[in-house]
Amino acid sequence: MCGLSETHQFLWIFLLFISISNEDTDNNGQLEKHDFECMALKMTLIEGKGEFSYGRYQENLHIMLSLWDEIAELADFNKDGIVTIEEFKEAVQRSCVGREYRDFPQAMKMFIDSHFKLVDLNDDGVIAADEYRYNCVTRIPVDNVNILDEAYQNLLNDDDRRRGGLTLSRYQELYAEFLGNPDENCPAVHLFGPLHAMG
C-alpha cells in the first residue's frame with residue numbers, strides 16, 4: 001500500500017473501515033446490514049443538503065444494500081452477518097491491493113464513488129482544498145491547517161491544479177494507486193489526509 005509501514009497500512013484500513021461504518025448505530029466497531037440502511041439516509045440528506053427525496057432515498061437504499069451484500073460476500077468469512085475490522089482488512093487486501101480501479105470488486109467501486117460524492121460538498125465534480133480539509137478533520141485529529149494544505153498540494157499533479165482539484169476519475173486512479181503502489185513517495189499516500197503525521 002503506497003509505501004506505508006504496516007502500522008500505517010493498518011491505520012488506513014481502519015480509517016476506511018470507519019468511513020464505511022460511520023453509521024455504526026450501536027458503536028460496536030462492526031459492520032452489519034442496518035449500518036448500510038443508515039448510510040442510505042445519511043447520503044440522501046447530505047446530497048439534498050438537508051432536503052429529503054423519497055425517490056433518491058430509495059436509490060441510495062438500493063445502492064447501500066447492494067454494497068452491504070457485496071461486502072458481506074467478500075468479507076463476512078464466517079457468515080455471521082457481521083464484518084469485523086479483521087475480516088474487512090483481509091477482504092481489501094485480497095480484492096484490491098495491486099489492482100487498477102477497473103478491476104476492483106463492484107462493492108469497492110460503489111464505495112469509492114459514493115465517498116467522492118460525500119467529499120465533494122458543493123457537487124461540482126471536483127474535490128477542492130476546502131472540501132479535502134473538511135473531510136480530513138471529520139475523520140482524523142489535526143491541529144494545524146498547514147499540515148492539511150501540504151498533504152493536499154502533495155496529492156495534486158499539474159492537471160489537478162488546472163482543474164482546481166480532484167475529479168472522480170483522478171480520485172479513482174489515486175485510490176487504486178494508494179492500494180497498489182509500493183513507492184512511499186507516491187502522491188496517493190495523501191489521499192486520506194496526512195497519515196504520516198499521525199504515526
# chains A, B, ... in the order shown; residues from 1 in each chain; ligands from 1
>>> residues_around(residues="stretch 48-57 of chain A", least_positions_apart="6", cutoff="12 Å", atoms="only C-alpha atoms", output="VMD selection string")
chain A and resid 37 to 42 63 to 65 117 to 118 121 to 123
>>> residues_around(residues="A:Met110", least_positions_apart="2", cutoff="12 Å", atoms="only C-alpha atoms", output="list in words")
Ile20, Asn60, His62, Ile63, Met64, Leu65, Ser66, Leu67, Trp68, Glu70, Ile71, Tyr101, Arg102, Phe104, Pro105, Gln106, Ala107, Met108, Ile112, Asp113, Ser114, His115, Phe116, Lys117 and Gln172 of chain A
>>> select_by_dssp(residues="stretch 11-115 of chain A", states="helix (DSSP H, G or I)", output="mmCIF file with N, CA and C atoms, in the first residue's frame")
data_model
loop_
_atom_site.group_PDB
_atom_site.id
_atom_site.type_symbol
_atom_site.label_atom_id
_atom_site.label_comp_id
_atom_site.auth_asym_id
_atom_site.auth_seq_id
_atom_site.Cartn_x
_atom_site.Cartn_y
_atom_site.Cartn_z
ATOM 1 N N LEU A 11 -3.656 1.534 9.926
ATOM 2 C CA LEU A 11 -4.369 2.777 10.210
ATOM 3 C C LEU A 11 -5.267 3.142 9.039
ATOM 4 N N TRP A 12 -4.743 3.021 7.815
ATOM 5 C CA TRP A 12 -5.553 3.354 6.654
ATOM 6 C C TRP A 12 -6.754 2.419 6.541
ATOM 7 N N ILE A 13 -6.526 1.126 6.679
ATOM 8 C CA ILE A 13 -7.640 0.171 6.610
ATOM 9 C C ILE A 13 -8.666 0.497 7.689
ATOM 10 N N PHE A 14 -8.177 0.848 8.883
ATOM 11 C CA PHE A 14 -9.082 1.210 9.972
ATOM 12 C C PHE A 14 -9.887 2.458 9.602
ATOM 13 N N LEU A 15 -9.220 3.489 9.026
ATOM 14 C CA LEU A 15 -9.937 4.707 8.630
ATOM 15 C C LEU A 15 -10.956 4.407 7.539
ATOM 16 N N LEU A 16 -10.594 3.553 6.593
ATOM 17 C CA LEU A 16 -11.540 3.158 5.553
ATOM 18 C C LEU A 16 -12.723 2.430 6.175
ATOM 19 N N PHE A 17 -12.440 1.515 7.079
ATOM 20 C CA PHE A 17 -13.488 0.767 7.769
ATOM 21 C C PHE A 17 -14.407 1.729 8.520
ATOM 22 N N ILE A 18 -13.803 2.686 9.235
ATOM 23 C CA ILE A 18 -14.591 3.663 9.994
ATOM 24 C C ILE A 18 -15.407 4.531 9.051
ATOM 25 N N SER A 19 -14.821 4.942 7.913
ATOM 26 C CA SER A 19 -15.586 5.790 6.997
ATOM 27 C C SER A 19 -16.761 5.024 6.405
ATOM 28 N N ILE A 20 -16.594 3.737 6.172
ATOM 29 C CA ILE A 20 -17.722 2.932 5.706
ATOM 30 C C ILE A 20 -18.717 2.720 6.837
ATOM 31 N N LYS A 33 -25.909 -5.062 8.246
ATOM 32 C CA LYS A 33 -26.869 -4.534 7.276
ATOM 33 C C LYS A 33 -27.497 -3.217 7.739
ATOM 34 N N HIS A 34 -27.864 -3.117 8.995
ATOM 35 C CA HIS A 34 -28.527 -1.916 9.495
ATOM 36 C C HIS A 34 -27.656 -0.672 9.320
ATOM 37 N N ASP A 35 -26.349 -0.822 9.449
ATOM 38 C CA ASP A 35 -25.438 0.304 9.259
ATOM 39 C C ASP A 35 -25.577 0.880 7.848
ATOM 40 N N PHE A 36 -25.790 0.028 6.860
ATOM 41 C CA PHE A 36 -25.898 0.470 5.480
ATOM 42 C C PHE A 36 -27.254 1.109 5.204
ATOM 43 N N GLU A 37 -28.281 0.665 5.916
ATOM 44 C CA GLU A 37 -29.583 1.329 5.822
ATOM 45 C C GLU A 37 -29.463 2.758 6.346
ATOM 46 N N CYS A 38 -28.723 2.929 7.425
ATOM 47 C CA CYS A 38 -28.499 4.273 7.983
ATOM 48 C C CYS A 38 -27.680 5.134 7.026
ATOM 49 N N MET A 39 -26.689 4.523 6.369
ATOM 50 C CA MET A 39 -25.873 5.280 5.417
ATOM 51 C C MET A 39 -26.703 5.765 4.234
ATOM 52 N N ALA A 40 -27.702 4.999 3.819
ATOM 53 C CA ALA A 40 -28.563 5.424 2.713
ATOM 54 C C ALA A 40 -29.290 6.714 3.068
ATOM 55 N N LEU A 41 -29.810 6.785 4.280
ATOM 56 C CA LEU A 41 -30.482 8.008 4.725
ATOM 57 C C LEU A 41 -29.485 9.163 4.822
ATOM 58 N N LYS A 42 -28.325 8.897 5.389
ATOM 59 C CA LYS A 42 -27.294 9.937 5.510
ATOM 60 C C LYS A 42 -26.923 10.492 4.139
ATOM 61 N N MET A 43 -26.668 9.607 3.176
ATOM 62 C CA MET A 43 -26.310 10.052 1.829
ATOM 63 C C MET A 43 -27.416 10.898 1.218
ATOM 64 N N THR A 44 -28.654 10.468 1.394
ATOM 65 C CA THR A 44 -29.790 11.198 0.825
ATOM 66 C C THR A 44 -29.862 12.609 1.387
ATOM 67 N N LEU A 45 -29.707 12.739 2.688
ATOM 68 C CA LEU A 45 -29.785 14.059 3.325
ATOM 69 C C LEU A 45 -28.576 14.923 2.993
ATOM 70 N N ILE A 46 -27.395 14.329 2.899
ATOM 71 C CA ILE A 46 -26.209 15.109 2.532
ATOM 72 C C ILE A 46 -26.322 15.577 1.092
ATOM 73 N N GLU A 47 -26.683 14.676 0.182
ATOM 74 C CA GLU A 47 -26.836 15.050 -1.222
ATOM 75 C C GLU A 47 -27.893 16.134 -1.392
ATOM 76 N N TYR A 54 -37.773 11.065 -1.309
ATOM 77 C CA TYR A 54 -38.056 9.645 -1.143
ATOM 78 C C TYR A 54 -37.486 8.835 -2.307
ATOM 79 N N GLY A 55 -37.611 9.362 -3.524
ATOM 80 C CA GLY A 55 -37.076 8.668 -4.695
ATOM 81 C C GLY A 55 -35.570 8.490 -4.604
ATOM 82 N N ARG A 56 -34.879 9.563 -4.233
ATOM 83 C CA ARG A 56 -33.418 9.484 -4.095
ATOM 84 C C ARG A 56 -33.041 8.549 -2.944
ATOM 85 N N TYR A 57 -33.835 8.576 -1.869
ATOM 86 C CA TYR A 57 -33.587 7.671 -0.745
ATOM 87 C C TYR A 57 -33.700 6.213 -1.197
ATOM 88 N N GLN A 58 -34.721 5.895 -1.990
ATOM 89 C CA GLN A 58 -34.886 4.527 -2.483
ATOM 90 C C GLN A 58 -33.689 4.110 -3.338
ATOM 91 N N GLU A 59 -33.186 5.041 -4.172
ATOM 92 C CA GLU A 59 -31.994 4.748 -4.978
ATOM 93 C C GLU A 59 -30.790 4.484 -4.078
ATOM 94 N N ASN A 60 -30.581 5.360 -3.096
ATOM 95 C CA ASN A 60 -29.445 5.200 -2.185
ATOM 96 C C ASN A 60 -29.579 3.937 -1.348
ATOM 97 N N LEU A 61 -30.804 3.615 -0.943
ATOM 98 C CA LEU A 61 -31.027 2.394 -0.171
ATOM 99 C C LEU A 61 -30.662 1.166 -1.007
ATOM 100 N N HIS A 62 -31.071 1.173 -2.265
ATOM 101 C CA HIS A 62 -30.720 0.067 -3.160
ATOM 102 C C HIS A 62 -29.199 -0.047 -3.301
ATOM 103 N N ILE A 63 -28.537 1.089 -3.501
ATOM 104 C CA ILE A 63 -27.075 1.102 -3.637
ATOM 105 C C ILE A 63 -26.411 0.581 -2.367
ATOM 106 N N MET A 64 -26.848 1.092 -1.223
ATOM 107 C CA MET A 64 -26.209 0.713 0.042
ATOM 108 C C MET A 64 -26.473 -0.749 0.411
ATOM 109 N N LEU A 65 -27.680 -1.237 0.150
ATOM 110 C CA LEU A 65 -27.956 -2.649 0.441
ATOM 111 C C LEU A 65 -27.198 -3.567 -0.517
ATOM 112 N N SER A 66 -27.042 -3.136 -1.763
ATOM 113 C CA SER A 66 -26.211 -3.898 -2.701
ATOM 114 C C SER A 66 -24.762 -3.892 -2.243
ATOM 115 N N LEU A 67 -24.313 -2.728 -1.763
ATOM 116 C CA LEU A 67 -22.953 -2.612 -1.237
ATOM 117 C C LEU A 67 -22.771 -3.548 -0.043
ATOM 118 N N TRP A 68 -23.748 -3.554 0.869
ATOM 119 C CA TRP A 68 -23.665 -4.459 2.020
ATOM 120 C C TRP A 68 -23.588 -5.915 1.554
ATOM 121 N N ASP A 69 -24.463 -6.294 0.610
ATOM 122 C CA ASP A 69 -24.461 -7.678 0.133
ATOM 123 C C ASP A 69 -23.093 -8.069 -0.423
ATOM 124 N N GLU A 70 -22.483 -7.154 -1.196
ATOM 125 C CA GLU A 70 -21.180 -7.461 -1.781
ATOM 126 C C GLU A 70 -20.076 -7.473 -0.733
ATOM 127 N N ILE A 71 -20.117 -6.524 0.197
ATOM 128 C CA ILE A 71 -19.108 -6.509 1.260
ATOM 129 C C ILE A 71 -19.246 -7.764 2.115
ATOM 130 N N ALA A 72 -20.477 -8.145 2.429
ATOM 131 C CA ALA A 72 -20.690 -9.365 3.215
ATOM 132 C C ALA A 72 -20.173 -10.585 2.456
ATOM 133 N N GLU A 73 -20.406 -10.617 1.148
ATOM 134 C CA GLU A 73 -19.914 -11.735 0.336
ATOM 135 C C GLU A 73 -18.386 -11.780 0.326
ATOM 136 N N LEU A 74 -17.759 -10.605 0.227
ATOM 137 C CA LEU A 74 -16.295 -10.530 0.180
ATOM 138 C C LEU A 74 -15.634 -10.710 1.543
ATOM 139 N N ALA A 75 -16.294 -10.228 2.608
ATOM 140 C CA ALA A 75 -15.586 -10.091 3.884
ATOM 141 C C ALA A 75 -16.194 -10.834 5.069
ATOM 142 N N ILE A 85 -13.355 -5.647 11.649
ATOM 143 C CA ILE A 85 -12.253 -4.940 11.005
ATOM 144 C C ILE A 85 -11.211 -5.919 10.469
ATOM 145 N N GLU A 86 -10.995 -7.023 11.159
ATOM 146 C CA GLU A 86 -10.036 -8.025 10.687
ATOM 147 C C GLU A 86 -10.507 -8.647 9.376
ATOM 148 N N GLU A 87 -11.793 -8.982 9.308
ATOM 149 C CA GLU A 87 -12.344 -9.543 8.074
ATOM 150 C C GLU A 87 -12.275 -8.518 6.947
ATOM 151 N N PHE A 88 -12.597 -7.266 7.263
ATOM 152 C CA PHE A 88 -12.589 -6.212 6.254
ATOM 153 C C PHE A 88 -11.179 -6.002 5.711
ATOM 154 N N LYS A 89 -10.200 -5.956 6.586
ATOM 155 C CA LYS A 89 -8.805 -5.761 6.175
ATOM 156 C C LYS A 89 -8.374 -6.877 5.231
ATOM 157 N N GLU A 90 -8.682 -8.106 5.584
ATOM 158 C CA GLU A 90 -8.306 -9.241 4.738
ATOM 159 C C GLU A 90 -9.001 -9.168 3.377
ATOM 160 N N ALA A 91 -10.260 -8.779 3.365
ATOM 161 C CA ALA A 91 -11.005 -8.677 2.103
ATOM 162 C C ALA A 91 -10.421 -7.603 1.196
ATOM 163 N N VAL A 92 -10.063 -6.450 1.763
ATOM 164 C CA VAL A 92 -9.455 -5.381 0.957
ATOM 165 C C VAL A 92 -8.132 -5.867 0.383
ATOM 166 N N GLN A 93 -7.336 -6.517 1.193
ATOM 167 C CA GLN A 93 -6.041 -6.997 0.708
ATOM 168 C C GLN A 93 -6.207 -8.048 -0.384
ATOM 169 N N ARG A 94 -7.173 -8.925 -0.256
ATOM 170 C CA ARG A 94 -7.411 -9.964 -1.266
ATOM 171 C C ARG A 94 -7.980 -9.389 -2.563
ATOM 172 N N SER A 95 -8.872 -8.410 -2.439
ATOM 173 C CA SER A 95 -9.668 -7.961 -3.580
ATOM 174 C C SER A 95 -9.134 -6.737 -4.301
ATOM 175 N N TYR A 101 -8.314 0.405 -10.564
ATOM 176 C CA TYR A 101 -9.690 0.670 -10.140
ATOM 177 C C TYR A 101 -10.687 -0.186 -10.918
ATOM 178 N N ARG A 102 -10.521 -0.265 -12.217
ATOM 179 C CA ARG A 102 -11.492 -1.002 -13.047
ATOM 180 C C ARG A 102 -11.586 -2.481 -12.668
ATOM 181 N N ASP A 103 -10.547 -3.004 -11.997
ATOM 182 C CA ASP A 103 -10.534 -4.407 -11.597
ATOM 183 C C ASP A 103 -11.013 -4.634 -10.163
ATOM 184 N N GLN A 106 -17.166 -4.646 -7.508
ATOM 185 C CA GLN A 106 -18.187 -3.604 -7.672
ATOM 186 C C GLN A 106 -18.498 -2.900 -6.355
ATOM 187 N N ALA A 107 -18.495 -3.626 -5.263
ATOM 188 C CA ALA A 107 -18.788 -3.019 -3.960
ATOM 189 C C ALA A 107 -17.774 -1.934 -3.627
ATOM 190 N N MET A 108 -16.520 -2.188 -3.900
ATOM 191 C CA MET A 108 -15.480 -1.211 -3.608
ATOM 192 C C MET A 108 -15.619 0.002 -4.525
ATOM 193 N N LYS A 109 -15.924 -0.233 -5.792
ATOM 194 C CA LYS A 109 -16.132 0.879 -6.731
ATOM 195 C C LYS A 109 -17.288 1.756 -6.263
ATOM 196 N N MET A 110 -18.377 1.111 -5.841
ATOM 197 C CA MET A 110 -19.534 1.872 -5.367
ATOM 198 C C MET A 110 -19.165 2.693 -4.142
ATOM 199 N N PHE A 111 -18.401 2.104 -3.231
ATOM 200 C CA PHE A 111 -17.979 2.846 -2.050
ATOM 201 C C PHE A 111 -17.115 4.032 -2.439
ATOM 202 N N ILE A 112 -16.138 3.825 -3.307
ATOM 203 C CA ILE A 112 -15.222 4.899 -3.708
ATOM 204 C C ILE A 112 -15.997 6.030 -4.366
ATOM 205 N N ASP A 113 -16.875 5.697 -5.285
ATOM 206 C CA ASP A 113 -17.658 6.726 -5.978
ATOM 207 C C ASP A 113 -18.598 7.455 -5.022
ATOM 208 N N SER A 114 -19.220 6.727 -4.111
ATOM 209 C CA SER A 114 -20.097 7.363 -3.120
ATOM 210 C C SER A 114 -19.303 8.256 -2.185
ATOM 211 N N HIS A 115 -18.122 7.797 -1.793
ATOM 212 C CA HIS A 115 -17.277 8.604 -0.906
ATOM 213 C C HIS A 115 -16.858 9.894 -1.604
#
>>> residues_around(residues="A:Leu166", least_positions_apart="4", cutoff="8 Å", atoms="only C-alpha atoms", output="ChimeraX atom specification")
/A:126-128,156,160,170-171
>>> write_last_selection(atoms="C-alpha atoms", output="JSON list (two decimals), in the first residue's frame")
[["chain", "number", "residue", "atom", "x", "y", "z"],
["A", 126, "VAL", "CA", -14.07, 18.40, -8.11],
["A", 127, "ILE", "CA", -12.67, 17.93, -4.60],
["A", 128, "ALA", "CA", -11.12, 21.31, -3.79],
["A", 156, "LEU", "CA", -2.19, 17.03, -6.83],
["A", 160, "ASP", "CA", -5.38, 18.58, -10.97],
["A", 170, "ARG", "CA", -8.48, 11.08, -10.78],
["A", 171, "TYR", "CA", -9.79, 10.12, -7.33]]
>>> residues_around(residues="A:Phe178", least_positions_apart="3", cutoff="9 Å", atoms="only C-alpha atoms", output="list in words")
Met1, Cys2, Gly3, Val97, Glu173, Leu174, Tyr175, Asn181, Pro182, Cys186, Pro187, Ala188, Val189, His190 and Leu191 of chain A
>>> atom_distance(atom1="atom CA of A:Arg133", atom2="atom CA of A:Phe192")
10.0 Å
>>> closest_residue(among="A:Gly180, A:Gly165, A:Pro194, A:Gly125", to="A:Asp143", atoms="only C-alpha atoms")
A:Pro194
>>> select_by_dssp(residues="chain A", states="strand (DSSP E or B)", output="ChimeraX atom specification")
/A:31,83,127,166
>>> write_last_selection(atoms="C-alpha atoms", output="PDB file, in the first residue's frame")
ATOM      1  CA  LEU A  31     -20.438  -3.624  10.018  1.00  0.00           C
ATOM      2  CA  VAL A  83     -17.998  -7.876   9.209  1.00  0.00           C
ATOM      3  CA  ILE A 127     -12.669  17.926  -4.601  1.00  0.00           C
ATOM      4  CA  LEU A 166      -9.528  16.110  -7.948  1.00  0.00           C
TER       5      LEU A 166
END
>>> decode(residues="stretch 51-84 of chain A", atoms="C-alpha atoms", output="PDB file, in the first residue's frame")
ATOM      1  CA  GLU A  51     -33.891  18.069   1.903  1.00  0.00           C
ATOM      2  CA  PHE A  52     -35.374  14.565   1.828  1.00  0.00           C
ATOM      3  CA  SER A  53     -36.300  12.995  -1.510  1.00  0.00           C
ATOM      4  CA  TYR A  54     -38.056   9.645  -1.143  1.00  0.00           C
ATOM      5  CA  GLY A  55     -37.076   8.668  -4.695  1.00  0.00           C
ATOM      6  CA  ARG A  56     -33.418   9.484  -4.095  1.00  0.00           C
ATOM      7  CA  TYR A  57     -33.587   7.671  -0.745  1.00  0.00           C
ATOM      8  CA  GLN A  58     -34.886   4.527  -2.483  1.00  0.00           C
ATOM      9  CA  GLU A  59     -31.994   4.748  -4.978  1.00  0.00           C
ATOM     10  CA  ASN A  60     -29.445   5.200  -2.185  1.00  0.00           C
ATOM     11  CA  LEU A  61     -31.027   2.394  -0.171  1.00  0.00           C
ATOM     12  CA  HIS A  62     -30.720   0.067  -3.160  1.00  0.00           C
ATOM     13  CA  ILE A  63     -27.075   1.102  -3.637  1.00  0.00           C
ATOM     14  CA  MET A  64     -26.209   0.713   0.042  1.00  0.00           C
ATOM     15  CA  LEU A  65     -27.956  -2.649   0.441  1.00  0.00           C
ATOM     16  CA  SER A  66     -26.211  -3.898  -2.701  1.00  0.00           C
ATOM     17  CA  LEU A  67     -22.953  -2.612  -1.237  1.00  0.00           C
ATOM     18  CA  TRP A  68     -23.665  -4.459   2.020  1.00  0.00           C
ATOM     19  CA  ASP A  69     -24.461  -7.678   0.133  1.00  0.00           C
ATOM     20  CA  GLU A  70     -21.180  -7.461  -1.781  1.00  0.00           C
ATOM     21  CA  ILE A  71     -19.108  -6.509   1.260  1.00  0.00           C
ATOM     22  CA  ALA A  72     -20.690  -9.365   3.215  1.00  0.00           C
ATOM     23  CA  GLU A  73     -19.914 -11.735   0.336  1.00  0.00           C
ATOM     24  CA  LEU A  74     -16.295 -10.530   0.180  1.00  0.00           C
ATOM     25  CA  ALA A  75     -15.586 -10.091   3.884  1.00  0.00           C
ATOM     26  CA  ASP A  76     -18.024 -11.960   6.124  1.00  0.00           C
ATOM     27  CA  PHE A  77     -15.852 -15.052   6.138  1.00  0.00           C
ATOM     28  CA  ASN A  78     -17.719 -16.809   8.953  1.00  0.00           C
ATOM     29  CA  LYS A  79     -21.149 -15.831   7.525  1.00  0.00           C
ATOM     30  CA  ASP A  80     -22.494 -14.448  10.816  1.00  0.00           C
ATOM     31  CA  GLY A  81     -23.994 -11.286   9.284  1.00  0.00           C
ATOM     32  CA  ILE A  82     -21.236  -9.120  10.781  1.00  0.00           C
ATOM     33  CA  VAL A  83     -17.998  -7.876   9.209  1.00  0.00           C
ATOM     34  CA  THR A  84     -15.218  -7.210  11.699  1.00  0.00           C
TER      35      THR A  84
END
